[in-house]
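What follows is a set of notes on a single structure, which appears directly below.
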Amino acid sequence: MATAKKTSSKTKSSSKPATKAKPKSATATRGLNILHDPVLNRGTAFTVEQRQAAGVEGLLPVGVDTLELQMARVHTQLDMLDSDLQRYLYLMDLQSRNQTLFYAVIMSDPARFMPLVYTPTVGEACQKYDHIFRASRGIYLPISAKGRLKELLANWPVKDIRFIVATDGERILGLGDLGVGGMGIPVGKLALYTAVAGVPPAVTLPITLDVGTNNQDLLNDPLYLGLRQPRVRGKEYDAFIAEFVDAVQSLYPKCCLQWEDFANFNAVPILNTYKDKICTYNDDIQGTAGVALAGIYGALRISGGKLTDQRFLFMGAGSAATGIAELISEAMVMEGLTIEQARARNWLFDINGLVESSRKDLADFQKPFAHKHAPCKSFIDAINDIKPTGIVGVSTVPKLFNQQVIEAMSRINARPIIFPYSNPTSRSECTAQEAYQWSDGNAIFASGSPFDPVKFKHKTFVPGQGNNVYIFPAMGMAVLATEATRVTEQMFIVAAKAVAEQVTQEELDSGLIYPPQSQILTASLHTAARIADYIFEQGLARVKKPKDVEAHIREMAYKPMYDNQ
C-alpha cells in the first residue's frame, strides 16, 4: 500500500514522533477506500502488483506513472487554469486526494507555490470560503460546544499531534473578521510547516475556534457555515480558550500550540496567559517579529551599521508592531543596552498619531513604547523629529509610505530601511517599484507580500519578502526535534540571526536580505538546527541532544515519496 515515505532516523530518540500515523483499519483498507484516503492513495503510481494487492485493479487506467510523471501532469493542469484562486482550489483538492503528490509538487518549486497555498492567494480563498467550500479539513470547535471540546477534539483520528495552528477568524491577514472562513490560514500555515521545514503532516492539526462573527455580510449570507451570532467576548470567551488549551494539553501533551490571526485585544492576553505555562507562541506577534528582525540583521549587512545605533518608526501600533519592537529591544539588550534604552529606540504611529506618553487611549501592551514627545499627527513630522533609520509598516492600510515619506527617509539616511510588511499585496504600505524609485535606488527593501524584480537605472533589484515562512516552520521543526517544553523570545532572536547569516554577498548586492525562496527548505533546516541547539543549551528539551543536531533534523524531515522509492 502507499504511504508518504519519511526518512527514518538512525539515531534512536523519543523525539521521533509517530509520523506514519494511519487509521486503525489501514491494514485492511482496500478498493475505493484506499483511493479516497489521501495518506494511502498514490493514484496512477500504484504498480500492477500493488493494484492487485490493494483491490484497486480496474479502478484506475492501466498506465503506471512515476511520481515525477504525476507531478508533470499536475503542472500541466495548473497551467491550464485561469486564476490563482482556481490553482489554489486545485491544490487543496489534490491535498485531499493524494498527500504525497501534493507535497512533492509544492516542495519542487516553493517560490512558485507558496504564494498559491498561502499569501496572497489564501486571503481571497478565506473571503470566499463559504462559497467555495468543498471538503472539511481540520477541526472546528464552536463555542456552542463548550464543556465538550475534548470530546470533539478526540474525533481527530491521529493521536500523536505535535503542532496545532488555531484561529478564531477575527483578524485574517489584513482582511478583518472572516469567521470560519479563516480556516484557510491554519490549513495553509501547516502545509508550509511541512513544505518549508519538513515537519511531517501527520503530526499537524488545523483548528478554527468559532465564537461567532461581527461581519454582518457573513451573517446575512445564506451560505455562511459558522455560528450565526455576534462574537462572544469577555469571561465567556476566556473560559472557552481555557477549556480548549486544557483539552489540547490532555490529548496531546507534546503539542506546540500556535495562535494565528486573533484580534489584538485577544492575541496579547492569550499569549501572556499561556506562554510560560505551555509550549505556545503567536506567529502574528513573535513570528512577524522574528522575520522583521532577520530583515534588519540582513539590512545591516548592507548598511554596515550596528543594531544598537538604529531607530525604528512603526506605521501601526497593534500587536504585530509592539511584538517587533519588543523583539528588537530584546536583541539590543543582548548587544549591551538596557531594556529602557532599547525600547526608547522604537516608536509607534497609529491612526491617532505618534504613540507618546501624554495619550490616554493606549492599551497596556503599547505603553512601553509611549515615549515623551509632543503630540504629533503627521507621519512625515514624526520622521523628521525622530530620524529613524528604518520604517516598518504593519498598518494593513495601503500606500501610507508615499513619495514624501520615502524621500524624507532618504534625506536622513544614505540607505533607508523600508519594510512595508502588511499583507496581502493590496494592503502593502508601498510597492517595491515605489520604494526604489523614490529613494533613487538606495532603499533597503522588504515587504510582506511578494513583488517582482525592479529595474531602475540599469540595475535589477530583487525585493525581499519578509514572510513569516522563514521563521515559523523552522521553529516547528526545532520544537519537534527537541520536544521543547516552551517557546521563548530568545528563540526568535536565534532564528532571526540564523536566517540573516545565510544570505550571500551576491544576494545582498542585488538588494535581497532574505535567503531565496527557491532554497527555503535548506535555509529552514539550518535555522531549525540553530534554534534546536539553543533549546538544548537552555535545558528546554525533553530528549537527549544528538551528536549532530543538524544531521538529526535532516533525517527527521518529511520527504514526499512513495514506499518503493
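The chains in the C-alpha cells are called A, B, ... from first to last as shown; in each chain the residues are counted from 1, and the ligands are counted from 1 in the order shown.
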
Query raised in the report: Residues at most 10 Å from range 357-365 of chain A, counting only C-alpha atoms, excluding those fewer than 5 positions away in the same chain, as a list in words?
Result: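 Counting only the stated atoms, we get Asn264, Phe265, Val268, Pro269, Ala317, Gly318, Ser319, Thr322, Gly323, Asn352, Ala370, His371, Lys372, His373, Ala374 and Pro375 of chain A.
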
Selection export as a CSV table (one decimal), in the first residue's frame, atoms kept: all heavy atoms:
```
chain,number,residue,atom,x,y,z
A,264,ASN,N,-6.1,42.0,18.2
A,264,ASN,CA,-5.0,42.4,19.2
A,264,ASN,C,-5.5,42.2,20.6
A,264,ASN,O,-4.7,41.8,21.5
A,264,ASN,CB,-4.6,43.9,18.9
A,264,ASN,CG,-4.0,44.1,17.6
A,264,ASN,OD1,-3.5,43.1,17.0
A,264,ASN,ND2,-4.1,45.3,17.1
A,265,PHE,N,-6.7,42.6,20.9
A,265,PHE,CA,-7.1,42.7,22.3
A,265,PHE,C,-7.3,41.2,22.9
A,265,PHE,O,-7.5,41.1,24.1
A,265,PHE,CB,-8.4,43.5,22.5
A,265,PHE,CG,-9.5,43.2,21.5
A,265,PHE,CD1,-10.3,42.1,21.7
A,265,PHE,CD2,-9.7,44.0,20.4
A,265,PHE,CE1,-11.3,41.8,20.8
A,265,PHE,CE2,-10.7,43.7,19.5
A,265,PHE,CZ,-11.6,42.6,19.7
A,268,VAL,N,-2.8,39.4,22.5
A,268,VAL,CA,-1.8,39.7,23.5
A,268,VAL,C,-2.1,39.0,24.9
A,268,VAL,O,-1.2,38.4,25.5
A,268,VAL,CB,-1.6,41.2,23.7
A,268,VAL,CG1,-0.7,41.5,24.8
A,268,VAL,CG2,-1.1,41.8,22.4
A,269,PRO,N,-3.3,39.1,25.4
A,269,PRO,CA,-3.6,38.5,26.7
A,269,PRO,C,-3.5,36.9,26.6
A,269,PRO,O,-3.0,36.3,27.6
A,269,PRO,CB,-5.1,38.9,27.0
A,269,PRO,CG,-5.3,40.1,26.2
A,269,PRO,CD,-4.5,40.0,25.0
A,317,ALA,N,0.3,50.3,15.4
A,317,ALA,CA,0.6,50.2,16.8
A,317,ALA,C,-0.1,49.0,17.4
A,317,ALA,O,-0.4,49.0,18.6
A,317,ALA,CB,0.3,51.5,17.6
A,318,GLY,N,-0.4,48.0,16.6
A,318,GLY,CA,-1.1,46.8,17.2
A,318,GLY,C,-0.1,45.8,17.7
A,318,GLY,O,1.1,46.1,18.0
A,319,SER,N,-0.5,44.5,17.8
A,319,SER,CA,0.3,43.5,18.4
A,319,SER,C,1.5,43.2,17.6
A,319,SER,O,2.5,42.8,18.1
A,319,SER,CB,-0.6,42.2,18.7
A,319,SER,OG,-1.2,41.8,17.5
A,322,THR,N,4.1,46.1,18.2
A,322,THR,CA,4.7,46.0,19.5
A,322,THR,C,5.5,44.7,19.7
A,322,THR,O,6.6,44.7,20.4
A,322,THR,CB,3.6,46.1,20.6
A,322,THR,OG1,2.7,45.1,20.4
A,322,THR,CG2,3.0,47.4,20.6
A,323,GLY,N,5.1,43.7,19.0
A,323,GLY,CA,5.9,42.4,19.0
A,323,GLY,C,7.2,42.6,18.4
A,323,GLY,O,8.3,42.2,18.9
A,352,ASN,N,-4.2,57.7,15.4
A,352,ASN,CA,-4.4,58.9,16.2
A,352,ASN,C,-3.0,59.6,16.3
A,352,ASN,O,-2.9,60.6,17.2
A,352,ASN,CB,-4.9,58.5,17.6
A,352,ASN,CG,-6.3,58.0,17.5
A,352,ASN,OD1,-7.2,58.6,16.8
A,352,ASN,ND2,-6.6,56.9,18.2
A,370,ALA,N,5.5,54.2,24.5
A,370,ALA,CA,4.9,55.5,24.6
A,370,ALA,C,5.9,56.5,25.2
A,370,ALA,O,5.9,56.6,26.4
A,370,ALA,CB,3.6,55.5,25.3
A,371,HIS,N,6.8,57.0,24.4
A,371,HIS,CA,7.9,57.9,24.9
A,371,HIS,C,7.5,59.3,25.0
A,371,HIS,O,6.5,59.8,24.5
A,371,HIS,CB,9.1,57.7,24.0
A,371,HIS,CG,9.4,56.3,23.7
A,371,HIS,ND1,9.6,55.3,24.7
A,371,HIS,CD2,9.6,55.6,22.5
A,371,HIS,CE1,9.9,54.2,24.1
A,371,HIS,NE2,9.9,54.3,22.8
A,372,LYS,N,8.3,60.1,25.8
A,372,LYS,CA,8.0,61.5,25.9
A,372,LYS,C,8.2,62.2,24.6
A,372,LYS,O,9.3,62.1,24.0
A,372,LYS,CB,8.9,62.1,27.0
A,372,LYS,CG,8.5,61.7,28.4
A,372,LYS,CD,9.3,62.4,29.5
A,372,LYS,CE,8.9,62.0,30.9
A,372,LYS,NZ,9.7,62.7,31.9
A,373,HIS,N,7.2,62.9,24.1
A,373,HIS,CA,7.3,63.7,22.9
A,373,HIS,C,6.0,64.5,22.8
A,373,HIS,O,4.9,64.1,23.3
A,373,HIS,CB,7.4,62.7,21.7
A,373,HIS,CG,7.8,63.4,20.4
A,373,HIS,ND1,6.9,64.1,19.6
A,373,HIS,CD2,8.9,63.4,19.7
A,373,HIS,CE1,7.5,64.6,18.6
A,373,HIS,NE2,8.8,64.1,18.6
A,374,ALA,N,6.1,65.6,22.1
A,374,ALA,CA,4.9,66.4,21.9
A,374,ALA,C,3.9,65.7,21.0
A,374,ALA,O,4.4,64.9,20.1
A,374,ALA,CB,5.3,67.7,21.2
A,375,PRO,N,2.6,65.9,21.1
A,375,PRO,CA,1.7,65.2,20.2
A,375,PRO,C,2.0,65.5,18.8
A,375,PRO,O,2.5,66.6,18.4
A,375,PRO,CB,0.3,65.8,20.6
A,375,PRO,CG,0.5,66.2,22.0
A,375,PRO,CD,1.9,66.7,22.2
```

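The environment of range 107-112 of chain A within 10 Å, counting only C-alpha atoms and disregarding residues fewer than 6 places along the same chain, consists of Met71, Leu101, Leu192, Thr194, Ala195, Val196, Ala197, Gly198, Pro450, Pro516, Gln517, Ser518, Gln519, Ile520, Leu521, Lys559 and Pro560 of chain A.
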
Selection to disk with all heavy atoms, as a CSV table (one decimal), in the first residue's frame:
```
chain,number,residue,atom,x,y,z
A,71,MET,N,3.7,14.6,-11.1
A,71,MET,CA,4.0,16.0,-10.9
A,71,MET,C,3.9,16.8,-12.2
A,71,MET,O,3.3,17.9,-12.2
A,71,MET,CB,5.4,16.1,-10.3
A,71,MET,CG,5.5,15.6,-8.9
A,71,MET,SD,7.2,15.5,-8.3
A,71,MET,CE,7.7,17.2,-8.4
A,101,LEU,N,1.7,13.4,-3.4
A,101,LEU,CA,1.8,14.2,-4.6
A,101,LEU,C,1.7,15.7,-4.4
A,101,LEU,O,2.5,16.5,-4.9
A,101,LEU,CB,0.8,13.7,-5.6
A,101,LEU,CG,0.8,14.4,-7.0
A,101,LEU,CD1,2.1,14.3,-7.7
A,101,LEU,CD2,-0.3,13.8,-7.8
A,192,LEU,N,2.8,24.7,5.0
A,192,LEU,CA,4.1,25.3,4.9
A,192,LEU,C,5.1,24.7,6.0
A,192,LEU,O,6.3,24.7,5.8
A,192,LEU,CB,4.0,26.8,5.0
A,192,LEU,CG,3.3,27.5,3.9
A,192,LEU,CD1,3.4,29.0,4.1
A,192,LEU,CD2,3.9,27.1,2.5
A,194,THR,N,5.3,21.8,6.7
A,194,THR,CA,5.8,20.6,6.0
A,194,THR,C,6.6,20.9,4.8
A,194,THR,O,7.8,20.5,4.7
A,194,THR,CB,4.6,19.7,5.6
A,194,THR,OG1,3.9,19.3,6.7
A,194,THR,CG2,5.1,18.5,4.8
A,195,ALA,N,6.1,21.8,3.9
A,195,ALA,CA,6.8,22.0,2.6
A,195,ALA,C,8.1,22.8,2.8
A,195,ALA,O,9.0,22.6,2.1
A,195,ALA,CB,5.9,22.8,1.7
A,196,VAL,N,8.2,23.6,3.9
A,196,VAL,CA,9.3,24.5,4.0
A,196,VAL,C,10.3,24.0,5.0
A,196,VAL,O,11.5,24.3,4.9
A,196,VAL,CB,8.8,25.9,4.5
A,196,VAL,CG1,9.9,26.8,4.9
A,196,VAL,CG2,8.0,26.6,3.3
A,197,ALA,N,9.9,23.2,6.0
A,197,ALA,CA,10.8,22.7,7.0
A,197,ALA,C,10.7,21.2,7.3
A,197,ALA,O,11.4,20.7,8.2
A,197,ALA,CB,10.6,23.5,8.3
A,198,GLY,N,9.9,20.5,6.6
A,198,GLY,CA,9.9,19.1,6.7
A,198,GLY,C,9.2,18.5,7.9
A,198,GLY,O,9.3,17.3,8.2
A,450,PRO,N,4.9,39.2,-2.0
A,450,PRO,CA,5.9,39.2,-3.0
A,450,PRO,C,5.8,40.3,-4.0
A,450,PRO,O,4.7,40.7,-4.4
A,450,PRO,CB,5.7,37.8,-3.6
A,450,PRO,CG,4.3,37.5,-3.4
A,450,PRO,CD,4.0,38.1,-2.1
A,516,PRO,N,16.9,33.2,-0.8
A,516,PRO,CA,16.0,33.0,-1.9
A,516,PRO,C,15.0,31.9,-1.5
A,516,PRO,O,15.3,30.9,-0.9
A,516,PRO,CB,16.9,32.5,-3.0
A,516,PRO,CG,18.2,32.9,-2.7
A,516,PRO,CD,18.3,32.9,-1.2
A,517,GLN,N,13.7,32.1,-1.9
A,517,GLN,CA,12.7,31.2,-1.5
A,517,GLN,C,12.8,29.9,-2.2
A,517,GLN,O,12.3,28.8,-1.8
A,517,GLN,CB,11.3,31.8,-1.8
A,517,GLN,CG,10.9,32.9,-0.8
A,517,GLN,CD,9.5,33.3,-0.9
A,517,GLN,OE1,8.7,32.8,-1.8
A,517,GLN,NE2,9.0,34.2,-0.1
A,518,SER,N,13.6,29.9,-3.3
A,518,SER,CA,13.8,28.6,-4.0
A,518,SER,C,14.7,27.7,-3.2
A,518,SER,O,14.7,26.5,-3.4
A,518,SER,CB,14.6,28.9,-5.4
A,518,SER,OG,15.8,29.6,-5.1
A,519,GLN,N,15.4,28.2,-2.2
A,519,GLN,CA,16.3,27.4,-1.3
A,519,GLN,C,15.8,27.4,0.1
A,519,GLN,O,16.5,27.1,1.1
A,519,GLN,CB,17.7,28.0,-1.3
A,519,GLN,CG,18.3,28.1,-2.7
A,519,GLN,CD,19.6,28.9,-2.7
A,519,GLN,OE1,20.3,29.1,-1.7
A,519,GLN,NE2,19.9,29.4,-3.9
A,520,ILE,N,14.5,27.6,0.3
A,520,ILE,CA,14.0,27.8,1.6
A,520,ILE,C,14.0,26.6,2.5
A,520,ILE,O,14.1,26.7,3.7
A,520,ILE,CB,12.5,28.4,1.6
A,520,ILE,CG1,12.2,29.0,2.9
A,520,ILE,CG2,11.5,27.4,1.1
A,520,ILE,CD1,11.0,30.0,2.9
A,521,LEU,N,13.9,25.4,1.9
A,521,LEU,CA,13.9,24.2,2.7
A,521,LEU,C,15.3,24.0,3.4
A,521,LEU,O,15.4,23.8,4.6
A,521,LEU,CB,13.6,22.9,1.9
A,521,LEU,CG,13.7,21.6,2.6
A,521,LEU,CD1,12.8,21.5,3.8
A,521,LEU,CD2,13.5,20.4,1.7
A,559,LYS,N,9.9,13.6,3.6
A,559,LYS,CA,10.2,13.6,2.2
A,559,LYS,C,9.0,13.0,1.5
A,559,LYS,O,8.6,11.9,1.8
A,559,LYS,CB,11.5,12.9,1.9
A,559,LYS,CG,12.7,13.6,2.4
A,559,LYS,CD,14.0,12.8,2.1
A,559,LYS,CE,15.2,13.5,2.5
A,559,LYS,NZ,15.2,13.9,4.0
A,560,PRO,N,8.4,13.7,0.5
A,560,PRO,CA,7.3,13.2,-0.2
A,560,PRO,C,7.7,12.2,-1.2
A,560,PRO,O,8.0,12.4,-2.4
A,560,PRO,CB,6.7,14.5,-0.9
A,560,PRO,CG,7.9,15.3,-1.1
A,560,PRO,CD,8.8,15.1,0.1
```

Query raised in the report: Given the choices A:Gln249, A:Ser449, A:Gln258, A:Gln52, which gets closest to Leu190 in chain A if the distance is worked out from only C-alpha atoms?
Result: A:Gln258

Report task. Using DSSP on the backbone coordinates, identify the residues of range 326-545 of chain A assigned to helix (DSSP H, G or I); present them as a ChimeraX atom specification. Result -> /A:326-334,339-343,364-369,379-386,403-412,425-427,432-438,468-470,472-482,489-500,505-509,517-537

Report task. Tell me which protein, DNA and RNA residues are within 12 Å of Ile296 in chain A, counting only C-alpha atoms, leaving out same-chain ones fewer than 3 positions away, and put them as a ChimeraX atom specification. Result -> /A:289-293,299-308,310-312,324-325,327-328,331-332,389-392,416-419,444-446,464,466,493,496-497,499-501,512-514

Query raised in the report: Looking only at the backbone, which of the residues in range 328-481 of chain A does DSSP tag as strand (DSSP E), as a ChimeraX atom specification?
Result: /A:346-350,353-354,390-393,417-420,444-447,454-456,459-461,464-465

Query raised in the report: With distances taken over only C-alpha atoms, which of A:Cys126, A:Ile106, A:Ala242, A:Met315 is nearest to Tyr224 in chain A?
Result: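 Checking each of A:Cys126, A:Ile106, A:Ala242, A:Met315 against Tyr224 in chain A, counting only C-alpha atoms, the winner is A:Cys126.
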
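Between CA of Cys376 in chain A and CA of Leu354 in chain A the separation is 5.4 Å.
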